>>> print(open('data_2.cif').read())   # mmCIF, C-alpha atoms and all ligand atoms
data_work
#
loop_
_atom_site.label_atom_id
_atom_site.label_comp_id
_atom_site.auth_asym_id
_atom_site.auth_seq_id
_atom_site.Cartn_x
_atom_site.Cartn_y
_atom_site.Cartn_z
CA MET K 17 -1.33 75.71 1.81
CA GLU K 18 0.84 76.84 -1.10
CA ILE K 19 2.35 74.19 -3.36
CA LYS K 20 5.89 74.98 -2.17
CA GLU K 21 4.95 74.19 1.41
CA ARG K 22 3.01 71.05 0.45
CA LEU K 23 6.05 69.72 -1.39
CA GLN K 24 8.12 69.86 1.77
CA HIS K 25 5.87 67.18 3.28
CA VAL K 26 6.25 64.86 0.30
CA THR K 27 8.00 61.58 1.22
CA HIS K 28 7.95 59.74 -2.14
CA VAL K 29 8.33 61.10 -5.67
CA VAL K 30 7.05 58.95 -8.54
CA LEU K 31 8.50 60.01 -11.90
CA LYS K 32 6.61 58.65 -14.90
CA PHE K 33 8.32 58.77 -18.29
CA GLY K 34 6.21 58.47 -21.43
CA THR K 35 7.38 56.66 -24.56
CA SER K 36 7.57 59.92 -26.53
CA VAL K 37 10.08 61.34 -24.04
CA LEU K 38 12.46 58.37 -24.30
CA THR K 39 12.30 56.98 -27.84
CA GLU K 40 14.47 59.59 -29.62
CA HIS K 41 17.33 58.84 -27.21
CA ILE K 42 17.10 55.13 -27.93
CA GLU K 43 16.99 55.70 -31.67
CA LYS K 44 20.25 57.62 -31.27
CA ARG K 45 21.57 55.07 -28.75
CA SER K 46 22.34 57.99 -26.46
CA LEU K 47 22.29 57.42 -22.73
CA ALA K 48 22.83 61.11 -21.86
CA TYR K 49 19.15 61.56 -21.02
CA PHE K 50 19.14 58.46 -18.80
CA ARG K 51 22.22 59.79 -16.98
CA ALA K 52 20.38 63.07 -16.49
CA ILE K 53 17.47 61.12 -14.97
CA ALA K 54 19.94 59.52 -12.55
CA ARG K 55 21.20 63.00 -11.58
CA GLU K 56 17.65 64.14 -10.80
CA CYS K 57 17.04 61.00 -8.72
CA LEU K 58 20.20 61.69 -6.70
CA GLU K 59 19.13 65.30 -6.21
CA LEU K 60 15.72 64.14 -4.93
CA GLN K 61 17.37 61.63 -2.60
CA LYS K 62 19.56 64.46 -1.29
CA GLN K 63 16.35 66.29 -0.40
CA GLY K 64 15.33 63.22 1.60
CA LYS K 65 12.75 61.96 -0.91
CA LYS K 66 12.33 58.32 -1.95
CA VAL K 67 12.24 57.98 -5.73
CA ILE K 68 10.30 55.53 -7.87
CA ILE K 69 10.24 55.54 -11.67
CA VAL K 70 7.41 54.28 -13.85
CA SER K 71 8.79 53.97 -17.36
CA SER K 72 7.06 53.35 -20.66
CA GLY K 73 9.03 52.64 -23.79
CA ALA K 74 9.09 48.84 -24.03
CA VAL K 75 6.85 48.72 -27.11
CA GLY K 76 8.58 51.74 -28.67
CA PHE K 77 12.05 50.30 -28.08
CA GLY K 78 10.85 46.94 -29.45
CA ARG K 79 9.86 48.77 -32.64
CA VAL K 80 13.35 50.28 -32.89
CA ILE K 81 14.97 46.84 -32.49
CA LEU K 82 12.69 45.15 -35.03
CA LYS K 83 13.31 47.93 -37.54
CA GLU K 84 17.09 47.88 -37.06
CA ARG K 85 17.63 44.13 -36.97
CA ASN K 86 14.82 42.70 -39.09
CA ASN K 87 13.97 45.74 -41.18
CA LEU K 88 10.35 45.28 -40.11
CA LYS K 89 7.92 48.10 -39.34
CA ILE K 90 4.67 47.44 -37.48
CA PRO K 91 2.76 50.73 -37.65
CA HIS K 92 -0.60 49.35 -36.48
CA ALA K 93 0.37 46.60 -34.06
CA THR K 94 -2.30 44.25 -32.72
CA LEU K 95 -2.35 43.59 -28.97
CA GLY K 96 -0.46 40.33 -29.55
CA GLU K 97 2.18 42.15 -31.62
CA LYS K 98 2.47 44.85 -28.95
CA GLN K 99 3.07 42.17 -26.32
CA ALA K 100 5.87 40.70 -28.42
CA LEU K 101 7.30 44.16 -29.20
CA ALA K 102 7.32 44.94 -25.48
CA SER K 103 9.28 41.81 -24.67
CA LEU K 104 11.82 42.79 -27.34
CA GLY K 105 12.09 46.31 -25.98
CA GLN K 106 11.83 45.92 -22.20
CA SER K 107 15.35 44.53 -21.83
CA LEU K 108 16.84 47.41 -23.85
CA LEU K 109 14.79 49.84 -21.77
CA ILE K 110 16.02 48.49 -18.46
CA ASP K 111 19.58 48.14 -19.80
CA SER K 112 19.58 51.82 -20.69
CA TYR K 113 18.63 52.74 -17.12
CA GLN K 114 21.07 50.22 -15.63
CA ILE K 115 24.08 51.39 -17.61
CA ALA K 116 23.35 55.09 -17.16
CA PHE K 117 22.53 54.76 -13.45
CA SER K 118 25.65 52.71 -12.74
CA LYS K 119 27.74 55.63 -14.07
CA LYS K 120 26.23 57.66 -11.22
CA LYS K 121 26.66 54.84 -8.70
CA LEU K 122 22.91 54.47 -8.42
CA ALA K 123 21.22 51.07 -8.35
CA ALA K 124 18.21 50.54 -10.61
CA ALA K 125 15.74 47.67 -10.15
CA GLN K 126 13.15 46.30 -12.56
CA ILE K 127 9.59 45.58 -11.47
CA LEU K 128 6.95 44.42 -13.96
CA VAL K 129 3.31 44.34 -12.86
CA THR K 130 -0.16 43.59 -14.18
CA ARG K 131 -3.56 44.74 -12.93
CA THR K 132 -3.92 41.58 -10.87
CA ASP K 133 -0.97 42.67 -8.73
CA PHE K 134 -3.07 45.59 -7.47
CA GLU K 135 -6.25 43.53 -7.09
CA ASN K 136 -4.74 40.60 -5.21
CA LYS K 137 -4.04 41.57 -1.59
CA LYS K 138 -1.08 39.22 -1.25
CA HIS K 139 0.52 40.41 -4.50
CA LEU K 140 0.05 44.02 -3.43
CA GLN K 141 1.66 43.37 -0.05
CA ASN K 142 4.60 41.70 -1.79
CA LEU K 143 4.94 44.56 -4.24
CA LYS K 144 4.98 47.11 -1.45
CA ALA K 145 7.46 45.10 0.62
CA THR K 146 9.85 44.86 -2.33
CA LEU K 147 9.48 48.54 -3.12
CA ASN K 148 10.17 49.48 0.49
CA GLN K 149 13.25 47.27 0.67
CA LEU K 150 14.65 48.78 -2.52
CA LEU K 151 13.89 52.30 -1.29
CA ASP K 152 15.64 51.60 2.02
CA TRP K 153 18.69 50.66 -0.02
CA LYS K 154 18.30 53.91 -2.00
CA ALA K 155 17.88 51.83 -5.14
CA VAL K 156 15.45 53.21 -7.72
CA PRO K 157 12.63 50.83 -8.69
CA ILE K 158 11.81 51.10 -12.39
CA ILE K 159 8.29 49.86 -12.95
CA ASN K 160 6.46 49.01 -16.15
CA GLU K 161 3.47 46.90 -17.00
CA ASN K 162 4.36 43.29 -17.74
CA ASP K 163 3.12 43.77 -21.28
CA ALA K 164 4.38 40.40 -22.52
CA VAL K 165 1.76 38.60 -20.43
CA SER K 166 -0.85 41.36 -20.05
CA ASN K 167 -3.75 40.48 -22.31
CA GLU K 168 -7.13 42.25 -22.25
CA GLU K 169 -8.17 40.52 -19.03
CA ILE K 170 -5.29 41.52 -16.84
CA LYS K 171 -3.79 44.62 -18.34
CA LEU K 172 -3.92 48.08 -16.83
CA GLY K 173 -3.32 49.38 -20.33
CA ASP K 174 -1.53 52.63 -19.68
CA ASN K 175 1.23 53.84 -17.45
CA ASP K 176 -0.53 57.06 -16.42
CA ASN K 177 -3.03 55.02 -14.40
CA LEU K 178 -0.32 52.56 -13.34
CA SER K 179 1.80 55.38 -11.95
CA ALA K 180 -1.22 56.74 -10.04
CA HIS K 181 -1.75 53.28 -8.49
CA ILE K 182 1.89 53.32 -7.38
CA ALA K 183 1.65 56.86 -5.98
CA LEU K 184 -1.46 55.86 -4.02
CA LEU K 185 0.60 53.29 -2.12
CA TYR K 186 2.27 56.24 -0.38
CA PRO K 187 -0.13 58.83 1.09
CA LYS K 188 2.41 61.66 1.03
CA SER K 189 3.67 61.10 -2.47
CA LEU K 190 3.99 63.36 -5.49
CA LEU K 191 3.42 61.99 -9.00
CA ILE K 192 5.13 63.77 -11.90
CA LEU K 193 3.99 62.74 -15.38
CA LEU K 194 6.84 63.63 -17.74
CA THR K 195 5.47 63.83 -21.22
CA SER K 196 5.85 65.45 -24.64
CA VAL K 197 3.43 68.29 -23.88
CA ASP K 198 4.35 70.99 -21.40
CA ALA K 199 1.00 71.32 -19.63
CA PHE K 200 -2.70 70.56 -19.72
CA TYR K 201 -4.30 72.94 -22.21
CA ARG K 202 -7.78 74.40 -22.27
CA ASP K 203 -8.92 76.65 -25.11
CA GLY K 204 -5.33 76.91 -26.27
CA ASN K 205 -4.01 78.09 -22.89
CA PRO K 206 -2.01 76.11 -20.32
CA VAL K 207 -3.91 75.46 -17.09
CA ARG K 208 -1.50 75.87 -14.17
CA HIS K 209 -3.61 74.42 -11.35
CA ILE K 210 -6.44 71.89 -11.36
CA PRO K 211 -8.00 71.52 -7.89
CA ARG K 212 -10.80 69.23 -9.10
CA ILE K 213 -11.92 67.59 -12.32
CA THR K 214 -14.87 69.51 -13.74
CA PRO K 215 -16.89 68.63 -16.87
CA ASP K 216 -15.05 71.47 -18.65
CA ILE K 217 -11.68 69.97 -17.84
CA ARG K 218 -12.86 66.55 -19.00
CA LYS K 219 -13.98 68.04 -22.29
CA ALA K 220 -10.66 69.83 -22.75
CA ALA K 221 -8.84 66.50 -22.19
CA GLY K 222 -10.87 64.89 -24.97
CA ASP K 223 -10.02 67.75 -27.31
CA ALA K 224 -6.35 67.59 -26.41
CA ALA K 225 -5.90 63.81 -26.72
CA GLU K 226 -2.49 63.45 -28.34
CA GLY K 227 -2.43 59.83 -29.51
CA GLY K 228 -0.14 57.13 -28.11
CA THR K 229 -1.45 54.87 -25.38
CA GLY K 230 -2.07 57.64 -22.92
CA GLY K 231 -2.89 61.09 -24.16
CA MET K 232 -4.61 63.58 -21.89
CA ILE K 233 -7.60 61.38 -21.07
CA THR K 234 -5.54 58.84 -19.10
CA LYS K 235 -3.52 61.65 -17.52
CA LEU K 236 -6.75 63.14 -16.25
CA GLN K 237 -7.86 59.72 -14.95
CA ALA K 238 -4.58 59.58 -13.04
CA GLY K 239 -5.17 63.14 -11.80
CA GLU K 240 -8.63 62.21 -10.57
CA LYS K 241 -7.29 59.27 -8.56
CA ILE K 242 -4.61 61.52 -7.04
CA LEU K 243 -7.04 64.33 -6.18
CA ASN K 244 -9.51 61.89 -4.62
CA ALA K 245 -6.71 60.70 -2.36
CA GLY K 246 -5.76 64.28 -1.44
CA GLN K 247 -2.34 63.90 -3.07
CA ILE K 248 -0.34 65.95 -5.58
CA MET K 249 0.38 65.41 -9.27
CA SER K 250 2.06 67.39 -12.02
CA ILE K 251 2.00 67.11 -15.81
CA ALA K 252 5.18 68.59 -17.26
CA ALA K 253 7.42 68.39 -20.33
CA GLY K 254 10.10 65.73 -19.92
CA LYS K 255 12.35 67.09 -22.67
CA ASP K 256 14.50 68.94 -20.17
CA ILE K 257 14.64 66.69 -17.12
CA LYS K 258 15.77 69.61 -14.95
CA VAL K 259 12.08 70.47 -14.87
CA VAL K 260 11.92 68.07 -11.90
CA ARG K 261 14.04 70.34 -9.69
CA LYS K 262 12.06 73.38 -10.83
CA LEU K 263 8.84 71.64 -9.85
CA MET K 264 10.31 70.58 -6.51
CA ALA K 265 11.05 74.25 -5.85
CA GLY K 266 7.34 74.92 -6.36
CA ALA K 267 7.59 76.54 -9.79
CA VAL K 268 4.43 77.64 -11.57
CA HIS K 269 5.17 75.27 -14.40
CA GLY K 270 3.35 72.50 -16.25
CA THR K 271 0.00 71.74 -14.59
CA TRP K 272 -0.34 71.08 -10.88
CA PHE K 273 -3.14 68.92 -9.51
CA TYR K 274 -3.88 69.45 -5.82
CA GLU K 275 -6.94 70.31 -3.81
CA ASN K 276 -7.36 73.86 -2.57
N1 LIG K 301 3.80 49.60 -21.08
C1 LIG K 301 3.89 50.27 -22.34
C2 LIG K 301 5.34 50.26 -22.83
O1 LIG K 301 6.25 50.11 -22.07
C3 LIG K 301 3.49 51.71 -22.29
C4 LIG K 301 2.11 52.03 -21.83
C5 LIG K 301 1.93 53.53 -21.72
O2 LIG K 301 2.76 54.29 -22.21
O3 LIG K 301 0.97 54.00 -21.15
O4 LIG K 301 5.56 50.44 -24.01
#
>>> encode(input="data_2.cif", output="structure tokens", more="lines below")
Ligand code: GLU
Amino acid sequence: MEIKERLQHVTHVVLKFGTSVLTEHIEKRSLAYFRAIARECLELQKQGKKVIIVSSGAVGFGRVILKERNNLKIPHATLGEKQALASLGQSLLIDSYQIAFSKKKLAAAQILVTRTDFENKKHLQNLKATLNQLLDWKAVPIINENDAVSNEEIKLGDNDNLSAHIALLYPKSLLILLTSVDAFYRDGNPVRHIPRITPDIRKAAGDAAEGGTGGMITKLQAGEKILNAGQIMSIAAGKDIKVVRKLMAGAVHGTWFYEN
């Protein structure tokens, strides 16, 4: 089945925003990008899709606040410092979504999770019930890791894997990882379709690791989870958010992950 046809069967779209995509807008205190996200969510809802966002940025936004208000820079934050930075930044992150989404008459909800919420059956049931209720109301859940309390023992660590866990809750979902690179590269060339993770692909991910929490290695881990479940994922550049509608139209763009 061609990608265009597969996308018609998609019920849930999980959009994951990386820190690098969002930080410049926060530094400029511009909500234009967040309003553009709201527009894409409305467009997806018009197509009958349920939309969930997984958003990074808490630590990055915390850095912006600490720099602006306390003139402090923490270039190499320890885990403890990252936890504190995240609790500074998470409220600004969710505020940015809230204010921008309300301009488009779209409700945004905050959900913070740790690894234990996926391991504990009861927590997982509760998470899914809340998500489903919000989706029935056409509200957009905005999920991040609860970094403030996530120490080594209970943290997932990166939002690429977290977003894959969320996508796996819905068997007919599509996960779009919106990032600062426009595709998965191998030997300097963008790979447009990955049907399975081969040793070559794994090696290319190592070579292409681009820093930050995630990089290509965690994106590939997410891709592997999605492929194993027979679902669809895309890695695409988040700079122009209209990429989402291009992808939904089945564009040969970014990198698609789906089985042949
Ligand atoms: N939860 C982290 C944050 O909000 C991001 C983790 C990641 O980007 O993978 O800053």
>>> residues_around(input="data_2.cif", residues="K:His209", least_positions_apart="2", cutoff="9 Å", atoms="all atoms listed in the file", output="PyMOL selection string")
chain K and resi 207+211+268+270-274
>>> residues_around(input="data_2.cif", residues="stretch 76-87 of chain K", least_positions_apart="3", cutoff="8 Å", atoms="all atoms listed in the file", output="PDB file with C-alpha atoms, keeping the file's coordinate frame")
ATOM      1  CA  THR K  35       7.380  56.660 -24.560  1.00  0.00           C
ATOM      2  CA  THR K  39      12.300  56.980 -27.840  1.00  0.00           C
ATOM      3  CA  ILE K  42      17.100  55.130 -27.930  1.00  0.00           C
ATOM      4  CA  GLU K  43      16.990  55.700 -31.670  1.00  0.00           C
ATOM      5  CA  GLY K  73       9.030  52.640 -23.790  1.00  0.00           C
ATOM      6  CA  ILE K  90       4.670  47.440 -37.480  1.00  0.00           C
ATOM      7  CA  LEU K 101       7.300  44.160 -29.200  1.00  0.00           C
ATOM      8  CA  ALA K 102       7.320  44.940 -25.480  1.00  0.00           C
ATOM      9  CA  SER K 103       9.280  41.810 -24.670  1.00  0.00           C
ATOM     10  CA  LEU K 104      11.820  42.790 -27.340  1.00  0.00           C
ATOM     11  CA  GLY K 105      12.090  46.310 -25.980  1.00  0.00           C
ATOM     12  CA  GLN K 106      11.830  45.920 -22.200  1.00  0.00           C
ATOM     13  CA  LEU K 108      16.840  47.410 -23.850  1.00  0.00           C
ATOM     14  CA  LEU K 109      14.790  49.840 -21.770  1.00  0.00           C
TER      15      LEU K 109
END
>>> residues_near_point(input="data_2.cif", point="(19.5, 59.1, -3.8)", cutoff="10 Å", atoms="all atoms listed in the file", output="list in words")
Ala54, Arg55, Glu56, Cys57, Leu58, Glu59, Leu60, Gln61, Lys62, Gln63, Gly64, Lys65, Lys66, Val67, Lys121, Leu122, Ala123, Leu151, Trp153, Lys154, Ala155 and Val156 of chain K
>>> residues_near_ligand(input="data_2.cif", ligand="ligand LIG 301 (chain K)", cutoff="9 Å", atoms="only C-alpha atoms and all ligand atoms", output="mmCIF file with C-alpha atoms, keeping the file's coordinate frame")
data_model
loop_
_atom_site.group_PDB
_atom_site.id
_atom_site.type_symbol
_atom_site.label_atom_id
_atom_site.label_comp_id
_atom_site.auth_asym_id
_atom_site.auth_seq_id
_atom_site.Cartn_x
_atom_site.Cartn_y
_atom_site.Cartn_z
ATOM 1 C CA PHE K 33 8.320 58.770 -18.290
ATOM 2 C CA GLY K 34 6.210 58.470 -21.430
ATOM 3 C CA THR K 35 7.380 56.660 -24.560
ATOM 4 C CA SER K 36 7.570 59.920 -26.530
ATOM 5 C CA SER K 71 8.790 53.970 -17.360
ATOM 6 C CA SER K 72 7.060 53.350 -20.660
ATOM 7 C CA GLY K 73 9.030 52.640 -23.790
ATOM 8 C CA ALA K 74 9.090 48.840 -24.030
ATOM 9 C CA VAL K 75 6.850 48.720 -27.110
ATOM 10 C CA GLY K 76 8.580 51.740 -28.670
ATOM 11 C CA PHE K 77 12.050 50.300 -28.080
ATOM 12 C CA GLY K 78 10.850 46.940 -29.450
ATOM 13 C CA LYS K 98 2.470 44.850 -28.950
ATOM 14 C CA GLN K 99 3.070 42.170 -26.320
ATOM 15 C CA LEU K 101 7.300 44.160 -29.200
ATOM 16 C CA ALA K 102 7.320 44.940 -25.480
ATOM 17 C CA GLY K 105 12.090 46.310 -25.980
ATOM 18 C CA GLN K 106 11.830 45.920 -22.200
ATOM 19 C CA LEU K 109 14.790 49.840 -21.770
ATOM 20 C CA ASN K 160 6.460 49.010 -16.150
ATOM 21 C CA GLU K 161 3.470 46.900 -17.000
ATOM 22 C CA ASN K 162 4.360 43.290 -17.740
ATOM 23 C CA ASP K 163 3.120 43.770 -21.280
ATOM 24 C CA LEU K 172 -3.920 48.080 -16.830
ATOM 25 C CA GLY K 173 -3.320 49.380 -20.330
ATOM 26 C CA ASP K 174 -1.530 52.630 -19.680
ATOM 27 C CA ASN K 175 1.230 53.840 -17.450
ATOM 28 C CA ASP K 176 -0.530 57.060 -16.420
ATOM 29 C CA ASN K 177 -3.030 55.020 -14.400
ATOM 30 C CA LEU K 178 -0.320 52.560 -13.340
ATOM 31 C CA GLY K 228 -0.140 57.130 -28.110
ATOM 32 C CA THR K 229 -1.450 54.870 -25.380
ATOM 33 C CA GLY K 230 -2.070 57.640 -22.920
ATOM 34 C CA GLY K 231 -2.890 61.090 -24.160
ATOM 35 C CA THR K 234 -5.540 58.840 -19.100
#
>>> residues_around(input="data_2.cif", residues="K:Asn276", least_positions_apart="5", cutoff="10 Å", atoms="only C-alpha atoms", output="PyMOL selection string")
chain K and resi 17-19+209-212+246
>>> residues_around(input="data_2.cif", residues="K:Gln247", least_positions_apart="4", cutoff="12 Å", atoms="all atoms listed in the file", output="MDAnalysis selection string")
chainID K and resid 19 22:23 25:30 180:181 183:192 211:212 238:243 272:276
>>> atom_distance(input="data_2.cif", atom1="atom CA of K:Leu31", atom2="atom CA of K:Lys120")
17.9 Å
>>> atom_distance(input="data_2.cif", atom1="atom CA of K:Lys171", atom2="atom CA of K:Pro157")
20.0 Å
>>> closest_residue(input="data_2.cif", among="K:Ala124, K:Ala164, K:Ala245, K:Ile158", to="K:Gly96", atoms="all atoms listed in the file")
K:Ala164
>>> build_atoms(input="data_2.cif", residues="stretch 174-185 of chain K", atoms="all heavy atoms", output="PDB file, in the coordinates of the input")
ATOM      1  N   ASP K 174      -2.340  51.422 -19.491  1.00  0.00           N
ATOM      2  CA  ASP K 174      -1.530  52.630 -19.680  1.00  0.00           C
ATOM      3  C   ASP K 174      -0.781  52.955 -18.396  1.00  0.00           C
ATOM      4  O   ASP K 174      -1.253  52.677 -17.294  1.00  0.00           O
ATOM      5  CB  ASP K 174      -2.403  53.805 -20.114  1.00  0.00           C
ATOM      6  CG  ASP K 174      -3.300  54.253 -18.992  1.00  0.00           C
ATOM      7  OD1 ASP K 174      -2.874  55.106 -18.203  1.00  0.00           O
ATOM      8  OD2 ASP K 174      -4.423  53.719 -18.869  1.00  0.00           O
ATOM      9  N   ASN K 175       0.364  53.575 -18.597  1.00  0.00           N
ATOM     10  CA  ASN K 175       1.230  53.840 -17.450  1.00  0.00           C
ATOM     11  C   ASN K 175       0.847  55.088 -16.661  1.00  0.00           C
ATOM     12  O   ASN K 175       1.375  55.308 -15.574  1.00  0.00           O
ATOM     13  CB  ASN K 175       2.690  53.915 -17.901  1.00  0.00           C
ATOM     14  CG  ASN K 175       3.290  52.531 -18.049  1.00  0.00           C
ATOM     15  OD1 ASN K 175       2.657  51.531 -17.703  1.00  0.00           O
ATOM     16  ND2 ASN K 175       4.510  52.460 -18.563  1.00  0.00           N
ATOM     17  N   ASP K 176      -0.058  55.914 -17.214  1.00  0.00           N
ATOM     18  CA  ASP K 176      -0.530  57.060 -16.420  1.00  0.00           C
ATOM     19  C   ASP K 176      -1.309  56.513 -15.217  1.00  0.00           C
ATOM     20  O   ASP K 176      -1.054  56.878 -14.071  1.00  0.00           O
ATOM     21  CB  ASP K 176      -1.424  57.982 -17.264  1.00  0.00           C
ATOM     22  CG  ASP K 176      -0.638  58.628 -18.391  1.00  0.00           C
ATOM     23  OD1 ASP K 176       0.552  58.927 -18.179  1.00  0.00           O
ATOM     24  OD2 ASP K 176      -1.204  58.828 -19.479  1.00  0.00           O
ATOM     25  N   ASN K 177      -2.258  55.611 -15.498  1.00  0.00           N
ATOM     26  CA  ASN K 177      -3.030  55.020 -14.400  1.00  0.00           C
ATOM     27  C   ASN K 177      -2.150  54.140 -13.515  1.00  0.00           C
ATOM     28  O   ASN K 177      -2.291  54.149 -12.296  1.00  0.00           O
ATOM     29  CB  ASN K 177      -4.211  54.226 -14.958  1.00  0.00           C
ATOM     30  CG  ASN K 177      -5.387  55.141 -15.298  1.00  0.00           C
ATOM     31  OD1 ASN K 177      -6.032  55.681 -14.417  1.00  0.00           O
ATOM     32  ND2 ASN K 177      -5.636  55.347 -16.579  1.00  0.00           N
ATOM     33  N   LEU K 178      -1.229  53.399 -14.142  1.00  0.00           N
ATOM     34  CA  LEU K 178      -0.320  52.560 -13.340  1.00  0.00           C
ATOM     35  C   LEU K 178       0.475  53.427 -12.356  1.00  0.00           C
ATOM     36  O   LEU K 178       0.589  53.097 -11.168  1.00  0.00           O
ATOM     37  CB  LEU K 178       0.626  51.784 -14.274  1.00  0.00           C
ATOM     38  CG  LEU K 178       1.828  51.082 -13.637  1.00  0.00           C
ATOM     39  CD1 LEU K 178       1.411  50.107 -12.555  1.00  0.00           C
ATOM     40  CD2 LEU K 178       2.645  50.336 -14.688  1.00  0.00           C
ATOM     41  N   SER K 179       0.986  54.553 -12.840  1.00  0.00           N
ATOM     42  CA  SER K 179       1.800  55.380 -11.950  1.00  0.00           C
ATOM     43  C   SER K 179       0.943  55.977 -10.823  1.00  0.00           C
ATOM     44  O   SER K 179       1.426  56.160  -9.700  1.00  0.00           O
ATOM     45  CB  SER K 179       2.544  56.476 -12.724  1.00  0.00           C
ATOM     46  OG  SER K 179       1.643  57.294 -13.410  1.00  0.00           O
ATOM     47  N   ALA K 180      -0.332  56.246 -11.110  1.00  0.00           N
ATOM     48  CA  ALA K 180      -1.220  56.740 -10.040  1.00  0.00           C
ATOM     49  C   ALA K 180      -1.424  55.644  -8.991  1.00  0.00           C
ATOM     50  O   ALA K 180      -1.379  55.917  -7.790  1.00  0.00           O
ATOM     51  CB  ALA K 180      -2.548  57.185 -10.618  1.00  0.00           C
ATOM     52  N   HIS K 181      -1.601  54.396  -9.448  1.00  0.00           N
ATOM     53  CA  HIS K 181      -1.750  53.280  -8.490  1.00  0.00           C
ATOM     54  C   HIS K 181      -0.512  53.188  -7.598  1.00  0.00           C
ATOM     55  O   HIS K 181      -0.620  52.922  -6.405  1.00  0.00           O
ATOM     56  CB  HIS K 181      -1.922  51.946  -9.228  1.00  0.00           C
ATOM     57  CG  HIS K 181      -3.303  51.731  -9.757  1.00  0.00           C
ATOM     58  ND1 HIS K 181      -4.403  51.598  -8.944  1.00  0.00           N
ATOM     59  CD2 HIS K 181      -3.765  51.632 -11.021  1.00  0.00           C
ATOM     60  CE1 HIS K 181      -5.483  51.426  -9.687  1.00  0.00           C
ATOM     61  NE2 HIS K 181      -5.122  51.441 -10.957  1.00  0.00           N
ATOM     62  N   ILE K 182       0.647  53.388  -8.178  1.00  0.00           N
ATOM     63  CA  ILE K 182       1.890  53.320  -7.380  1.00  0.00           C
ATOM     64  C   ILE K 182       1.937  54.484  -6.390  1.00  0.00           C
ATOM     65  O   ILE K 182       2.218  54.303  -5.203  1.00  0.00           O
ATOM     66  CB  ILE K 182       3.141  53.331  -8.308  1.00  0.00           C
ATOM     67  CG1 ILE K 182       3.175  52.076  -9.192  1.00  0.00           C
ATOM     68  CG2 ILE K 182       4.432  53.475  -7.500  1.00  0.00           C
ATOM     69  CD1 ILE K 182       3.403  50.766  -8.466  1.00  0.00           C
ATOM     70  N   ALA K 183       1.616  55.684  -6.868  1.00  0.00           N
ATOM     71  CA  ALA K 183       1.650  56.860  -5.980  1.00  0.00           C
ATOM     72  C   ALA K 183       0.670  56.672  -4.815  1.00  0.00           C
ATOM     73  O   ALA K 183       0.962  57.074  -3.684  1.00  0.00           O
ATOM     74  CB  ALA K 183       1.323  58.120  -6.773  1.00  0.00           C
ATOM     75  N   LEU K 184      -0.463  56.032  -5.077  1.00  0.00           N
ATOM     76  CA  LEU K 184      -1.460  55.860  -4.020  1.00  0.00           C
ATOM     77  C   LEU K 184      -0.990  54.910  -2.912  1.00  0.00           C
ATOM     78  O   LEU K 184      -1.570  54.876  -1.834  1.00  0.00           O
ATOM     79  CB  LEU K 184      -2.789  55.344  -4.604  1.00  0.00           C
ATOM     80  CG  LEU K 184      -3.534  56.294  -5.536  1.00  0.00           C
ATOM     81  CD1 LEU K 184      -4.894  55.736  -5.912  1.00  0.00           C
ATOM     82  CD2 LEU K 184      -3.723  57.676  -4.934  1.00  0.00           C
ATOM     83  N   LEU K 185       0.061  54.158  -3.188  1.00  0.00           N
ATOM     84  CA  LEU K 185       0.600  53.290  -2.120  1.00  0.00           C
ATOM     85  C   LEU K 185       1.229  54.126  -1.019  1.00  0.00           C
ATOM     86  O   LEU K 185       1.419  53.654   0.101  1.00  0.00           O
ATOM     87  CB  LEU K 185       1.672  52.336  -2.686  1.00  0.00           C
ATOM     88  CG  LEU K 185       1.251  51.330  -3.756  1.00  0.00           C
ATOM     89  CD1 LEU K 185       2.461  50.541  -4.239  1.00  0.00           C
ATOM     90  CD2 LEU K 185       0.189  50.387  -3.196  1.00  0.00           C
TER      91      LEU K 185
END
